[in-house]
$ cat start.pdb   # PDB, C-alpha atoms
ATOM      1  CA  MET A 255      -5.240   6.989  26.774
ATOM      2  CA  THR A 256      -3.560   4.233  28.770
ATOM      3  CA  THR A 257      -1.299   1.622  27.193
ATOM      4  CA  GLY A 258      -4.089  -0.967  27.523
ATOM      5  CA  GLU A 259      -6.580   1.298  25.765
ATOM      6  CA  LEU A 260      -4.054   1.974  23.021
ATOM      7  CA  ILE A 261      -3.576  -1.763  22.450
ATOM      8  CA  LEU A 262      -7.390  -2.146  22.217
ATOM      9  CA  PHE A 263      -7.345   0.697  19.653
ATOM     10  CA  PHE A 264      -4.744  -1.214  17.615
ATOM     11  CA  ALA A 265      -6.817  -4.412  17.875
ATOM     12  CA  VAL A 266      -9.926  -2.668  16.497
ATOM     13  CA  MET A 267      -7.946  -1.281  13.556
ATOM     14  CA  GLY A 268      -6.303  -4.662  13.007
ATOM     15  CA  ILE A 269      -9.696  -6.397  12.852
ATOM     16  CA  ALA A 270     -11.087  -3.796  10.425
ATOM     17  CA  THR A 271      -8.027  -4.238   8.198
ATOM     18  CA  PHE A 272      -8.343  -8.030   8.299
ATOM     19  CA  LEU A 273     -12.037  -7.821   7.351
ATOM     20  CA  THR A 274     -11.215  -5.874   4.181
ATOM     21  CA  ARG A 275      -8.542  -8.403   3.231
ATOM     22  CA  ALA A 276     -10.604 -11.520   4.048
ATOM     23  CA  ALA A 277     -13.915 -10.387   2.493
ATOM     24  CA  PRO A 278     -13.413 -11.714  -1.053
ATOM     25  CA  PHE A 279     -11.927 -15.022   0.158
ATOM     26  CA  VAL A 280     -14.904 -15.647   2.442
ATOM     27  CA  LEU A 281     -17.657 -14.245   0.213
ATOM     28  CA  LEU A 282     -16.582 -15.492  -3.208
ATOM     29  CA  LYS A 283     -15.815 -19.141  -2.474
ATOM     30  CA  SER A 284     -18.292 -20.413  -5.030
ATOM     31  CA  HIS A 285     -16.836 -18.470  -7.969
ATOM     32  CA  LYS A 286     -13.387 -19.965  -7.836
ATOM     33  CA  ASP A 287     -12.786 -20.889 -11.411
ATOM     34  CA  SER A 288     -14.783 -18.239 -13.151
ATOM     35  CA  ARG A 289     -13.212 -16.604 -16.195
ATOM     36  CA  TRP A 290     -14.548 -13.403 -14.739
ATOM     37  CA  LEU A 291     -12.066 -13.578 -11.855
ATOM     38  CA  LEU A 292      -9.221 -14.532 -14.169
ATOM     39  CA  HIS A 293      -9.994 -11.471 -16.243
ATOM     40  CA  PHE A 294      -9.880  -9.294 -13.123
ATOM     41  CA  GLY A 295      -6.583 -10.869 -12.171
ATOM     42  CA  HIS A 296      -5.208  -9.970 -15.568
ATOM     43  CA  VAL A 297      -6.289  -6.336 -15.863
ATOM     44  CA  LEU A 298      -6.664  -5.095 -12.271
ATOM     45  CA  PRO A 299      -3.052  -5.191 -10.969
ATOM     46  CA  VAL A 300      -1.696  -2.617 -13.419
ATOM     47  CA  MET A 301      -4.700  -0.341 -12.842
ATOM     48  CA  ILE A 302      -4.417  -0.686  -9.050
ATOM     49  CA  LEU A 303      -0.745   0.307  -9.282
ATOM     50  CA  VAL A 304      -1.712   3.443 -11.229
ATOM     51  CA  VAL A 305      -4.299   4.266  -8.543
ATOM     52  CA  LEU A 306      -1.763   3.647  -5.747
ATOM     53  CA  VAL A 307       0.787   5.925  -7.423
ATOM     54  CA  GLY A 308      -1.942   8.574  -7.642
ATOM     55  CA  PHE A 309      -3.042   7.936  -4.048
ATOM     56  CA  SER A 310       0.515   8.198  -2.664
ATOM     57  CA  GLY A 311       1.242  11.289  -4.755
ATOM     58  CA  VAL A 312      -1.958  12.990  -3.647
ATOM     59  CA  GLY A 313      -1.100  12.148  -0.029
ATOM     60  CA  LEU A 314       2.210  13.978  -0.398
ATOM     61  CA  ILE A 315       0.570  17.001  -2.026
ATOM     62  CA  ASP A 316      -2.021  17.234   0.750
ATOM     63  CA  GLU A 317       0.656  17.663   3.397
ATOM     64  CA  GLN A 318       1.998  20.859   1.919
ATOM     65  CA  ALA A 319       0.452  22.486  -1.096
ATOM     66  CA  ASN A 320       3.597  23.774  -2.859
ATOM     67  CA  ARG A 321       5.493  20.487  -3.172
ATOM     68  CA  GLN A 322       4.195  19.411  -6.587
ATOM     69  CA  VAL A 323       7.420  20.368  -8.398
ATOM     70  CA  LEU A 324       9.617  18.458  -5.945
ATOM     71  CA  ILE A 325       7.299  15.424  -6.136
ATOM     72  CA  ALA A 326       7.439  15.531  -9.943
ATOM     73  CA  ILE A 327      11.258  15.809  -9.980
ATOM     74  CA  ALA A 328      11.676  12.931  -7.510
ATOM     75  CA  MET A 329       9.217  10.793  -9.528
ATOM     76  CA  VAL A 330      11.068  11.482 -12.798
ATOM     77  CA  ILE A 331      14.395  10.581 -11.168
ATOM     78  CA  THR A 332      12.903   7.376  -9.693
ATOM     79  CA  ALA A 333      11.449   6.415 -13.096
ATOM     80  CA  LEU A 334      14.621   7.240 -15.065
ATOM     81  CA  ALA A 335      16.779   5.336 -12.583
ATOM     82  CA  HIS A 336      14.482   2.360 -12.918
ATOM     83  CA  LEU A 337      14.393   2.448 -16.719
ATOM     84  CA  ILE A 338      18.197   2.609 -16.808
ATOM     85  CA  PHE A 339      19.332   0.348 -13.940
ATOM     86  CA  ARG A 340      16.275  -1.910 -13.404
ATOM     87  CA  GLN A 341      17.134  -2.206  -9.710
ATOM     88  CA  ALA A 342      14.108  -1.458  -7.509
ATOM     89  CA  MET A 343      16.268  -0.711  -4.446
ATOM     90  CA  VAL A 344      18.456   1.795  -6.343
ATOM     91  CA  SER A 345      15.453   3.570  -7.879
ATOM     92  CA  ILE A 346      13.552   3.849  -4.589
ATOM     93  CA  LEU A 347      16.554   5.031  -2.560
ATOM     94  CA  LEU A 348      17.601   7.557  -5.205
ATOM     95  CA  GLY A 349      14.104   9.026  -5.568
ATOM     96  CA  THR A 350      13.524   9.140  -1.809
ATOM     97  CA  ALA A 351      16.960  10.722  -1.232
ATOM     98  CA  VAL A 352      16.178  13.478  -3.752
ATOM     99  CA  TYR A 353      12.841  14.133  -2.057
ATOM    100  CA  VAL A 354      14.298  14.164   1.471
ATOM    101  CA  LEU A 355      17.183  16.447   0.442
ATOM    102  CA  GLY A 356      14.778  18.742  -1.417
ATOM    103  CA  ILE A 357      12.711  19.172   1.727
ATOM    104  CA  GLN A 358      15.384  19.195   4.381
ATOM    105  CA  TRP A 359      18.279  20.992   2.644
ATOM    106  CA  LEU A 360      16.584  23.150   0.067
ATOM    107  CA  GLY A 361      13.480  23.830   2.132
ATOM    108  CA  TRP A 362      10.944  22.983  -0.614
TER     109      TRP A 362
ATOM    110  CA  MET B  20       9.864  -5.125   1.417
ATOM    111  CA  LEU B  21      12.335  -2.560   0.067
ATOM    112  CA  GLY B  22      10.009   0.330   0.717
ATOM    113  CA  TYR B  23       8.884  -0.939   4.100
ATOM    114  CA  ILE B  24      11.955  -0.160   6.217
ATOM    115  CA  PRO B  25      12.068   3.583   5.449
ATOM    116  CA  LEU B  26       8.266   3.856   5.407
ATOM    117  CA  GLY B  27       8.036   1.982   8.740
ATOM    118  CA  MET B  28      10.706   4.290  10.118
ATOM    119  CA  ALA B  29       8.725   7.329   9.000
ATOM    120  CA  PHE B  30       5.677   5.891  10.805
ATOM    121  CA  GLY B  31       7.745   5.134  13.920
ATOM    122  CA  VAL B  32       9.043   8.692  14.059
ATOM    123  CA  LEU B  33       5.553  10.106  13.515
ATOM    124  CA  PHE B  34       4.149   7.798  16.206
ATOM    125  CA  GLN B  35       6.709   9.096  18.696
ATOM    126  CA  SER B  36       5.119  12.539  18.399
ATOM    127  CA  LEU B  37       2.178  11.113  20.401
ATOM    128  CA  GLY B  38       4.423  10.559  23.417
ATOM    129  CA  TYR B  39       3.838   6.831  23.999
ATOM    130  CA  ALA B  40       6.507   4.214  24.717
ATOM    131  CA  TRP B  41       8.555   3.448  21.573
ATOM    132  CA  TRP B  42       7.741  -0.301  21.568
ATOM    133  CA  LEU B  43       4.069   0.434  20.922
ATOM    134  CA  ALA B  44       4.975   1.478  17.342
ATOM    135  CA  PRO B  45       6.270  -1.984  16.332
ATOM    136  CA  LEU B  46       3.372  -3.547  18.249
ATOM    137  CA  SER B  47       0.941  -1.649  16.013
ATOM    138  CA  GLY B  48       2.937  -3.025  13.064
ATOM    139  CA  VAL B  49       2.377  -6.554  14.379
ATOM    140  CA  MET B  50      -1.338  -6.056  15.082
ATOM    141  CA  ILE B  51      -2.611  -3.733  12.336
ATOM    142  CA  TYR B  52       0.005  -4.223   9.618
ATOM    143  CA  ALA B  53      -1.324  -1.608   7.211
ATOM    144  CA  GLY B  54       0.851   1.370   6.350
ATOM    145  CA  SER B  55      -1.686   4.023   5.483
ATOM    146  CA  ALA B  56      -4.052   2.886   8.271
ATOM    147  CA  GLN B  57      -1.256   3.224  10.817
ATOM    148  CA  PHE B  58      -0.457   6.734   9.601
ATOM    149  CA  LEU B  59      -4.197   7.395   9.945
ATOM    150  CA  ALA B  60      -4.045   5.963  13.490
ATOM    151  CA  VAL B  61      -1.555   8.641  14.515
ATOM    152  CA  GLY B  62      -3.951  11.319  13.279
ATOM    153  CA  LEU B  63      -6.934   9.685  15.009
ATOM    154  CA  LEU B  64      -5.081   9.295  18.305
ATOM    155  CA  ALA B  65      -3.819  12.887  18.163
ATOM    156  CA  SER B  66      -7.407  14.120  17.726
ATOM    157  CA  GLY B  67      -8.756  11.899  20.520
ATOM    158  CA  ALA B  68     -10.939   9.754  18.250
ATOM    159  CA  GLY B  69     -12.878   6.766  19.634
ATOM    160  CA  LEU B  70     -12.970   3.092  18.679
ATOM    161  CA  VAL B  71     -15.947   3.468  16.308
ATOM    162  CA  GLU B  72     -14.143   6.148  14.317
ATOM    163  CA  ALA B  73     -11.018   3.998  14.276
ATOM    164  CA  PHE B  74     -13.012   1.022  12.962
ATOM    165  CA  LEU B  75     -14.850   2.941  10.228
ATOM    166  CA  GLY B  76     -11.799   4.976   9.223
ATOM    167  CA  THR B  77      -9.756   1.805   8.836
ATOM    168  CA  LEU B  78     -12.470   0.107   6.755
ATOM    169  CA  ALA B  79     -12.602   3.118   4.438
ATOM    170  CA  ILE B  80      -8.865   3.496   3.955
ATOM    171  CA  ASN B  81      -8.351  -0.257   3.495
ATOM    172  CA  VAL B  82     -11.371  -1.041   1.338
ATOM    173  CA  ARG B  83      -8.958  -1.250  -1.609
ATOM    174  CA  HIS B  84      -7.720  -4.547  -0.161
ATOM    175  CA  VAL B  85     -10.981  -6.184  -1.235
ATOM    176  CA  PHE B  86      -9.703  -5.846  -4.796
ATOM    177  CA  TYR B  87      -6.450  -7.613  -3.951
ATOM    178  CA  GLY B  88      -8.158 -10.706  -2.588
ATOM    179  CA  LEU B  89     -10.428 -10.711  -5.627
ATOM    180  CA  THR B  90      -7.463 -11.376  -7.904
ATOM    181  CA  LEU B  91      -5.777 -13.920  -5.608
ATOM    182  CA  ILE B  92      -8.664 -16.248  -4.724
ATOM    183  CA  ASN B  93      -7.472 -18.833  -7.214
ATOM    184  CA  ARG B  94      -3.862 -18.671  -6.044
ATOM    185  CA  TYR B  95      -3.922 -18.522  -2.248
ATOM    186  CA  PRO B  96      -4.226 -21.780  -0.258
ATOM    187  CA  VAL B  97      -7.787 -22.932   0.476
ATOM    188  CA  SER B  98      -7.250 -23.966   4.114
ATOM    189  CA  GLY B  99      -4.845 -24.059   7.043
ATOM    190  CA  TRP B 100      -3.309 -21.390   9.260
ATOM    191  CA  ARG B 101      -1.081 -20.186   6.414
ATOM    192  CA  ARG B 102      -4.189 -19.172   4.461
ATOM    193  CA  TRP B 103      -5.286 -16.840   7.253
ATOM    194  CA  TYR B 104      -1.820 -15.428   7.798
ATOM    195  CA  LEU B 105      -1.434 -14.758   4.054
ATOM    196  CA  ILE B 106      -4.810 -12.978   4.059
ATOM    197  CA  PHE B 107      -3.922 -11.021   7.222
ATOM    198  CA  GLY B 108      -0.670  -9.927   5.582
ATOM    199  CA  LEU B 109      -2.094  -8.993   2.174
ATOM    200  CA  THR B 110      -0.790  -5.412   2.144
ATOM    201  CA  ASP B 111      -0.269  -3.156  -0.880
ATOM    202  CA  GLU B 112       3.362  -4.165  -1.188
ATOM    203  CA  THR B 113       2.778  -7.866  -0.629
ATOM    204  CA  TYR B 114       0.027  -7.837  -3.242
ATOM    205  CA  ALA B 115       2.226  -5.967  -5.682
ATOM    206  CA  VAL B 116       5.110  -8.412  -5.199
ATOM    207  CA  VAL B 117       3.095 -11.662  -5.367
ATOM    208  CA  THR B 118       1.269 -10.549  -8.521
ATOM    209  CA  HIS B 119       4.468  -9.156 -10.018
ATOM    210  CA  ASN B 120       6.575 -12.297 -10.350
ATOM    211  CA  ALA B 121       5.584 -15.437 -12.217
ATOM    212  CA  VAL B 122       6.210 -18.390  -9.891
ATOM    213  CA  PRO B 123       5.776 -22.082 -10.813
ATOM    214  CA  THR B 124       2.557 -23.469  -9.284
ATOM    215  CA  GLU B 125       4.316 -25.958  -7.015
ATOM    216  CA  GLN B 126       6.475 -23.232  -5.436
ATOM    217  CA  ARG B 127       3.714 -20.660  -5.058
ATOM    218  CA  GLN B 128       2.623 -21.399  -1.492
ATOM    219  CA  SER B 129       6.091 -21.199   0.025
ATOM    220  CA  TYR B 130       6.921 -18.142  -2.091
ATOM    221  CA  TYR B 131       3.774 -16.283  -1.009
ATOM    222  CA  PHE B 132       4.409 -17.212   2.613
ATOM    223  CA  SER B 133       8.042 -16.022   2.484
ATOM    224  CA  VAL B 134       7.103 -12.721   0.844
ATOM    225  CA  THR B 135       4.311 -12.083   3.364
ATOM    226  CA  LEU B 136       6.461 -12.927   6.387
ATOM    227  CA  LEU B 137       9.518 -10.961   5.184
ATOM    228  CA  ASN B 138       7.353  -7.918   4.420
ATOM    229  CA  HIS B 139       5.754  -8.147   7.864
ATOM    230  CA  LEU B 140       9.145  -8.444   9.585
ATOM    231  CA  ALA B 141      10.557  -5.560   7.515
ATOM    232  CA  TRP B 142       7.565  -3.412   8.453
ATOM    233  CA  ILE B 143       7.833  -4.253  12.186
ATOM    234  CA  THR B 144      11.600  -3.611  12.052
ATOM    235  CA  GLY B 145      11.055  -0.261  10.331
ATOM    236  CA  CYS B 146       8.438   0.777  12.938
ATOM    237  CA  ALA B 147      10.783  -0.238  15.780
ATOM    238  CA  LEU B 148      13.829   1.462  14.227
ATOM    239  CA  GLY B 149      11.990   4.716  13.555
ATOM    240  CA  ALA B 150      10.371   4.975  16.979
ATOM    241  CA  GLY B 151      13.450   3.673  18.835
ATOM    242  CA  LEU B 152      15.957   5.923  17.054
ATOM    243  CA  GLN B 153      13.639   8.899  17.303
ATOM    244  CA  SER B 154      13.268   8.399  21.069
ATOM    245  CA  LEU B 155      17.098   8.319  21.280
ATOM    246  CA  PHE B 156      18.186  11.058  18.871
ATOM    247  CA  SER B 157      15.149  13.142  17.769
ATOM    248  CA  PHE B 158      16.313  13.289  14.124
ATOM    249  CA  ASN B 159      14.437  14.845  11.211
ATOM    250  CA  SER B 160      12.955  12.165   8.907
ATOM    251  CA  GLU B 161      10.637  14.423   6.945
ATOM    252  CA  GLY B 162      10.400  13.164   3.365
ATOM    253  CA  PHE B 163      10.781   9.433   4.102
ATOM    254  CA  GLU B 164       7.129   9.019   3.110
ATOM    255  CA  PHE B 165       8.148   9.356  -0.562
ATOM    256  CA  SER B 166       9.430   5.750  -0.470
ATOM    257  CA  MET B 167       5.835   4.445  -0.694
ATOM    258  CA  LEU B 168       5.204   6.385  -3.919
ATOM    259  CA  ALA B 169       8.607   5.346  -5.284
ATOM    260  CA  LEU B 170       7.853   1.661  -4.686
ATOM    261  CA  PHE B 171       4.472   1.767  -6.449
ATOM    262  CA  LEU B 172       6.014   3.703  -9.335
ATOM    263  CA  VAL B 173       8.826   1.174  -9.758
ATOM    264  CA  LEU B 174       6.405  -1.771  -9.704
ATOM    265  CA  LEU B 175       4.176  -0.001 -12.232
ATOM    266  CA  ILE B 176       7.120   0.573 -14.592
ATOM    267  CA  ASP B 177       8.100  -3.108 -14.345
ATOM    268  CA  ARG B 178       4.560  -4.156 -15.211
ATOM    269  CA  LEU B 179       4.437  -1.764 -18.143
ATOM    270  CA  ARG B 180       7.507  -3.405 -19.672
ATOM    271  CA  GLN B 181       4.858  -5.867 -20.900
ATOM    272  CA  LEU B 182       3.279  -3.537 -23.419
ATOM    273  CA  GLN B 183      -0.070  -5.384 -23.375
ATOM    274  CA  HIS B 184      -0.771  -3.633 -20.056
ATOM    275  CA  VAL B 185      -0.339  -0.102 -21.430
ATOM    276  CA  PRO B 186      -3.981   0.459 -22.551
ATOM    277  CA  HIS B 187      -5.408  -0.435 -19.119
ATOM    278  CA  ALA B 188      -2.777   1.734 -17.430
ATOM    279  CA  LEU B 189      -3.925   4.678 -19.586
ATOM    280  CA  TYR B 190      -7.590   3.990 -18.711
ATOM    281  CA  ALA B 191      -6.574   4.002 -15.042
ATOM    282  CA  VAL B 192      -4.727   7.318 -15.444
ATOM    283  CA  ALA B 193      -7.927   8.793 -16.907
ATOM    284  CA  VAL B 194      -9.933   7.387 -13.974
ATOM    285  CA  VAL B 195      -7.444   8.830 -11.461
ATOM    286  CA  VAL B 196      -7.526  12.279 -13.064
ATOM    287  CA  VAL B 197     -11.323  12.342 -13.282
ATOM    288  CA  SER B 198     -11.725  11.080  -9.694
ATOM    289  CA  TRP B 199      -9.328  13.715  -8.409
ATOM    290  CA  TRP B 200     -11.162  16.397 -10.364
ATOM    291  CA  VAL B 201     -14.694  15.320  -9.420
ATOM    292  CA  LEU B 202     -14.378  14.286  -5.772
ATOM    293  CA  PRO B 203     -10.873  14.729  -4.313
ATOM    294  CA  GLU B 204     -11.944  13.858  -0.767
ATOM    295  CA  GLN B 205     -13.191  10.428  -1.967
ATOM    296  CA  PHE B 206     -10.413  10.062  -4.510
ATOM    297  CA  LEU B 207      -9.317   6.543  -3.624
ATOM    298  CA  LEU B 208     -12.773   4.975  -3.398
ATOM    299  CA  LEU B 209     -13.930   6.642  -6.614
ATOM    300  CA  SER B 210     -10.780   5.557  -8.490
ATOM    301  CA  LEU B 211     -11.213   1.957  -7.363
ATOM    302  CA  LEU B 212     -14.862   1.935  -8.428
ATOM    303  CA  GLY B 213     -13.782   3.419 -11.764
ATOM    304  CA  ILE B 214     -11.207   0.742 -12.519
ATOM    305  CA  LEU B 215     -13.654  -1.952 -11.397
ATOM    306  CA  MET B 216     -16.140  -0.623 -13.956
ATOM    307  CA  ILE B 217     -13.458  -0.613 -16.659
ATOM    308  CA  SER B 218     -12.580  -4.218 -15.795
ATOM    309  CA  MET B 219     -16.232  -5.187 -16.254
ATOM    310  CA  LEU B 220     -16.556  -3.272 -19.530
ATOM    311  CA  SER B 221     -13.356  -4.734 -20.998
ATOM    312  CA  TYR B 222     -14.538  -8.217 -20.000
ATOM    313  CA  ARG B 223     -17.755  -7.738 -21.966
ATOM    314  CA  LYS B 224     -15.842  -6.331 -24.899
ATOM    315  CA  GLU B 225     -13.187  -9.020 -25.062
ATOM    316  CA  GLY B 226     -15.269 -11.823 -23.629
ATOM    317  CA  THR B 227     -12.050 -13.638 -22.909
ATOM    318  CA  VAL B 228      -8.986 -13.561 -20.706
TER     319      VAL B 228
END
$ encode --input "start.pdb" --output "structure tokens"
Amino acid sequence: MTTGELILFFAVMGIATFLTRAAPFVLLKSHKDSRWLLHFGHVLPVMILVVLVGFSGVGLIDEQANRQVLIAIAMVITALAHLIFRQAMVSILLGTAVYVLGIQWLGW
Amino acid sequence: MLGYIPLGMAFGVLFQSLGYAWWLAPLSGVMIYAGSAQFLAVGLLASGAGLVEAFLGTLAINVRHVFYGLTLINRYPVSGWRRWYLIFGLTDETYAVVTHNAVPTEQRQSYYFSVTLLNHLAWITGCALGAGLQSLFSFNSEGFEFSMLALFLVLLIDRLRQLQHVPHALYAVAVVVVSWWVLPEQFLLLSLLGILMISMLSYRKEGTV
């Protein structure tokens, strides 16, 4: 694939991504003030975050089947750090460091 | 934004395995600006996939974004170029951040714009750093991908500090487990449909916001 073809490839994926993000804004214009949407706005974010945690975790498991224990340890450390320090940066760096060290130094 | 530098770097390093010029990694960050879709792009390119597969694969992996817009219709600007840039940049992280913090109505537009732009710049920087450093030093960045999970986990914990959200979080956990058990290859789509159904059911039950 040439550089030009690769850029076309990116453009196609960029358009597809934009379509998924723009769809509700374009399609739902007439429902702006519905209580229905407000309800979604209230209950969906927390549920989407649960799904994204599951989605990211499953993505890590798929790469190598025997990493569940390391993933669980790194998640517990991330969560504990966040409950104690309440600093997103600290929690993310600590959890990611544990995971990276587990893979690269301990060979999990 | 915090998770985007290391995650972008992980993508940049992965992208370098394809053997293209390093600057094409940040360019994909400018043009596509979707983490999981860009990781998918590396897989598609490695397997010699065509444009139709790229289009459909991206729609499938990013269909979750439809749900983000659904909850932001009332808050995002109704016109102007900023509207379209905000929609273009409505990634997982941007969505999580803009729905996470309560911002006074009059400051919302500039806050949303700043978050979207900073996230985009962080992502492009991460892509450039990863691909650029990898082309220079060939280091081992295996494990960086955990930062995406860590970010979502941290944002979830912050949201759960408001205990009113706990019941819906537990419903979502049940949906995730069932989806994974029933149809692991369509896990994401099934989970999203599941939580959409729960949202509808709880609306009927409560009949109020």
$ closest_atom_pairs --input "start.pdb" --of "chain B" --to "chain A" --cutoff "7 Å" --atoms "only C-alpha atoms" --output "JSON lines"
{"residue": "B:Leu21", "atom": "CA", "partner": "A:Met343", "partner_atom": "CA", "distance": 6.3}
{"residue": "B:Ser47", "atom": "CA", "partner": "A:Phe264", "partner_atom": "CA", "distance": 5.9}
{"residue": "B:Met50", "atom": "CA", "partner": "A:Gly268", "partner_atom": "CA", "distance": 5.6}
{"residue": "B:Ile51", "atom": "CA", "partner": "A:Gly268", "partner_atom": "CA", "distance": 3.9}
{"residue": "B:Leu70", "atom": "CA", "partner": "A:Phe263", "partner_atom": "CA", "distance": 6.2}
{"residue": "B:Ala73", "atom": "CA", "partner": "A:Met267", "partner_atom": "CA", "distance": 6.2}
{"residue": "B:Phe74", "atom": "CA", "partner": "A:Met267", "partner_atom": "CA", "distance": 5.6}
{"residue": "B:Thr77", "atom": "CA", "partner": "A:Met267", "partner_atom": "CA", "distance": 5.9}
{"residue": "B:Leu78", "atom": "CA", "partner": "A:Ala270", "partner_atom": "CA", "distance": 5.5}
{"residue": "B:Asn81", "atom": "CA", "partner": "A:Thr271", "partner_atom": "CA", "distance": 6.2}
{"residue": "B:Val82", "atom": "CA", "partner": "A:Thr274", "partner_atom": "CA", "distance": 5.6}
{"residue": "B:His84", "atom": "CA", "partner": "A:Arg275", "partner_atom": "CA", "distance": 5.2}
{"residue": "B:Val85", "atom": "CA", "partner": "A:Thr274", "partner_atom": "CA", "distance": 5.4}
{"residue": "B:Gly88", "atom": "CA", "partner": "A:Pro278", "partner_atom": "CA", "distance": 5.6}
{"residue": "B:Leu89", "atom": "CA", "partner": "A:Pro278", "partner_atom": "CA", "distance": 5.6}
{"residue": "B:Thr90", "atom": "CA", "partner": "A:Gly295", "partner_atom": "CA", "distance": 4.4}
{"residue": "B:Ile92", "atom": "CA", "partner": "A:Phe279", "partner_atom": "CA", "distance": 6.0}
{"residue": "B:Asn93", "atom": "CA", "partner": "A:Lys286", "partner_atom": "CA", "distance": 6.1}
{"residue": "B:Ile106", "atom": "CA", "partner": "A:Arg275", "partner_atom": "CA", "distance": 6.0}
{"residue": "B:Phe107", "atom": "CA", "partner": "A:Phe272", "partner_atom": "CA", "distance": 5.4}
{"residue": "B:Leu109", "atom": "CA", "partner": "A:Arg275", "partner_atom": "CA", "distance": 6.6}
{"residue": "B:Glu161", "atom": "CA", "partner": "A:Val354", "partner_atom": "CA", "distance": 6.6}
{"residue": "B:Gly162", "atom": "CA", "partner": "A:Val354", "partner_atom": "CA", "distance": 4.4}
{"residue": "B:Phe163", "atom": "CA", "partner": "A:Val354", "partner_atom": "CA", "distance": 6.5}
{"residue": "B:Phe165", "atom": "CA", "partner": "A:Thr350", "partner_atom": "CA", "distance": 5.5}
{"residue": "B:Ser166", "atom": "CA", "partner": "A:Thr350", "partner_atom": "CA", "distance": 5.5}
{"residue": "B:Met167", "atom": "CA", "partner": "A:Ser310", "partner_atom": "CA", "distance": 6.8}
{"residue": "B:Leu168", "atom": "CA", "partner": "A:Ser310", "partner_atom": "CA", "distance": 5.2}
{"residue": "B:Ala169", "atom": "CA", "partner": "A:Ile346", "partner_atom": "CA", "distance": 5.2}
{"residue": "B:Leu170", "atom": "CA", "partner": "A:Ile346", "partner_atom": "CA", "distance": 6.1}
{"residue": "B:Phe171", "atom": "CA", "partner": "A:Val307", "partner_atom": "CA", "distance": 5.6}
{"residue": "B:Leu172", "atom": "CA", "partner": "A:Val307", "partner_atom": "CA", "distance": 6.0}
{"residue": "B:Val173", "atom": "CA", "partner": "A:Ala342", "partner_atom": "CA", "distance": 6.3}
{"residue": "B:Leu175", "atom": "CA", "partner": "A:Leu303", "partner_atom": "CA", "distance": 5.7}
{"residue": "B:Arg178", "atom": "CA", "partner": "A:Val300", "partner_atom": "CA", "distance": 6.7}
{"residue": "B:His184", "atom": "CA", "partner": "A:Val300", "partner_atom": "CA", "distance": 6.8}
{"residue": "B:His187", "atom": "CA", "partner": "A:Met301", "partner_atom": "CA", "distance": 6.3}
{"residue": "B:Ala188", "atom": "CA", "partner": "A:Met301", "partner_atom": "CA", "distance": 5.4}
{"residue": "B:Ala191", "atom": "CA", "partner": "A:Met301", "partner_atom": "CA", "distance": 5.2}
{"residue": "B:Val192", "atom": "CA", "partner": "A:Val304", "partner_atom": "CA", "distance": 6.5}
{"residue": "B:Val195", "atom": "CA", "partner": "A:Val305", "partner_atom": "CA", "distance": 6.3}
{"residue": "B:Leu207", "atom": "CA", "partner": "A:Phe309", "partner_atom": "CA", "distance": 6.4}
{"residue": "B:Ser210", "atom": "CA", "partner": "A:Val305", "partner_atom": "CA", "distance": 6.6}
{"residue": "B:Ile214", "atom": "CA", "partner": "A:Met301", "partner_atom": "CA", "distance": 6.6}
{"residue": "B:Ser218", "atom": "CA", "partner": "A:Phe294", "partner_atom": "CA", "distance": 6.3}
{"residue": "B:Tyr222", "atom": "CA", "partner": "A:His293", "partner_atom": "CA", "distance": 6.7}
{"residue": "B:Val228", "atom": "CA", "partner": "A:His293", "partner_atom": "CA", "distance": 5.0}
$ closest_residue --input "start.pdb" --among "B:Ile176, B:Leu140, B:Leu63, B:Ala147" --to "Ala29 of chain B" --atoms "all atoms listed in the file"
B:Ala147
$ residues_around --input "start.pdb" --residues "Gly31 of chain B" --least-positions-apart "3" --cutoff "9 Å" --atoms "all atoms listed in the file" --output "PDB file with C-alpha atoms, in the frame of the given file"
ATOM      1  CA  LEU B  26       8.266   3.856   5.407  1.00  0.00           C
ATOM      2  CA  GLY B  27       8.036   1.982   8.740  1.00  0.00           C
ATOM      3  CA  MET B  28      10.706   4.290  10.118  1.00  0.00           C
ATOM      4  CA  PHE B  34       4.149   7.798  16.206  1.00  0.00           C
ATOM      5  CA  GLN B  35       6.709   9.096  18.696  1.00  0.00           C
ATOM      6  CA  TRP B  41       8.555   3.448  21.573  1.00  0.00           C
ATOM      7  CA  ALA B  44       4.975   1.478  17.342  1.00  0.00           C
ATOM      8  CA  PRO B  45       6.270  -1.984  16.332  1.00  0.00           C
ATOM      9  CA  GLY B 145      11.055  -0.261  10.331  1.00  0.00           C
ATOM     10  CA  CYS B 146       8.438   0.777  12.938  1.00  0.00           C
ATOM     11  CA  ALA B 147      10.783  -0.238  15.780  1.00  0.00           C
ATOM     12  CA  LEU B 148      13.829   1.462  14.227  1.00  0.00           C
ATOM     13  CA  GLY B 149      11.990   4.716  13.555  1.00  0.00           C
ATOM     14  CA  ALA B 150      10.371   4.975  16.979  1.00  0.00           C
ATOM     15  CA  GLY B 151      13.450   3.673  18.835  1.00  0.00           C
ATOM     16  CA  LEU B 152      15.957   5.923  17.054  1.00  0.00           C
ATOM     17  CA  GLN B 153      13.639   8.899  17.303  1.00  0.00           C
TER      18      GLN B 153
END
$ atom_distance --input "start.pdb" --atom1 "atom CA of Ala121 of chain B" --atom2 "atom CA of Gly22 of chain B"
20.9 Å
$ atom_distance --input "start.pdb" --atom1 "atom CA of Ala79 of chain B" --atom2 "atom CA of Ala56 of chain B"
9.4 Å
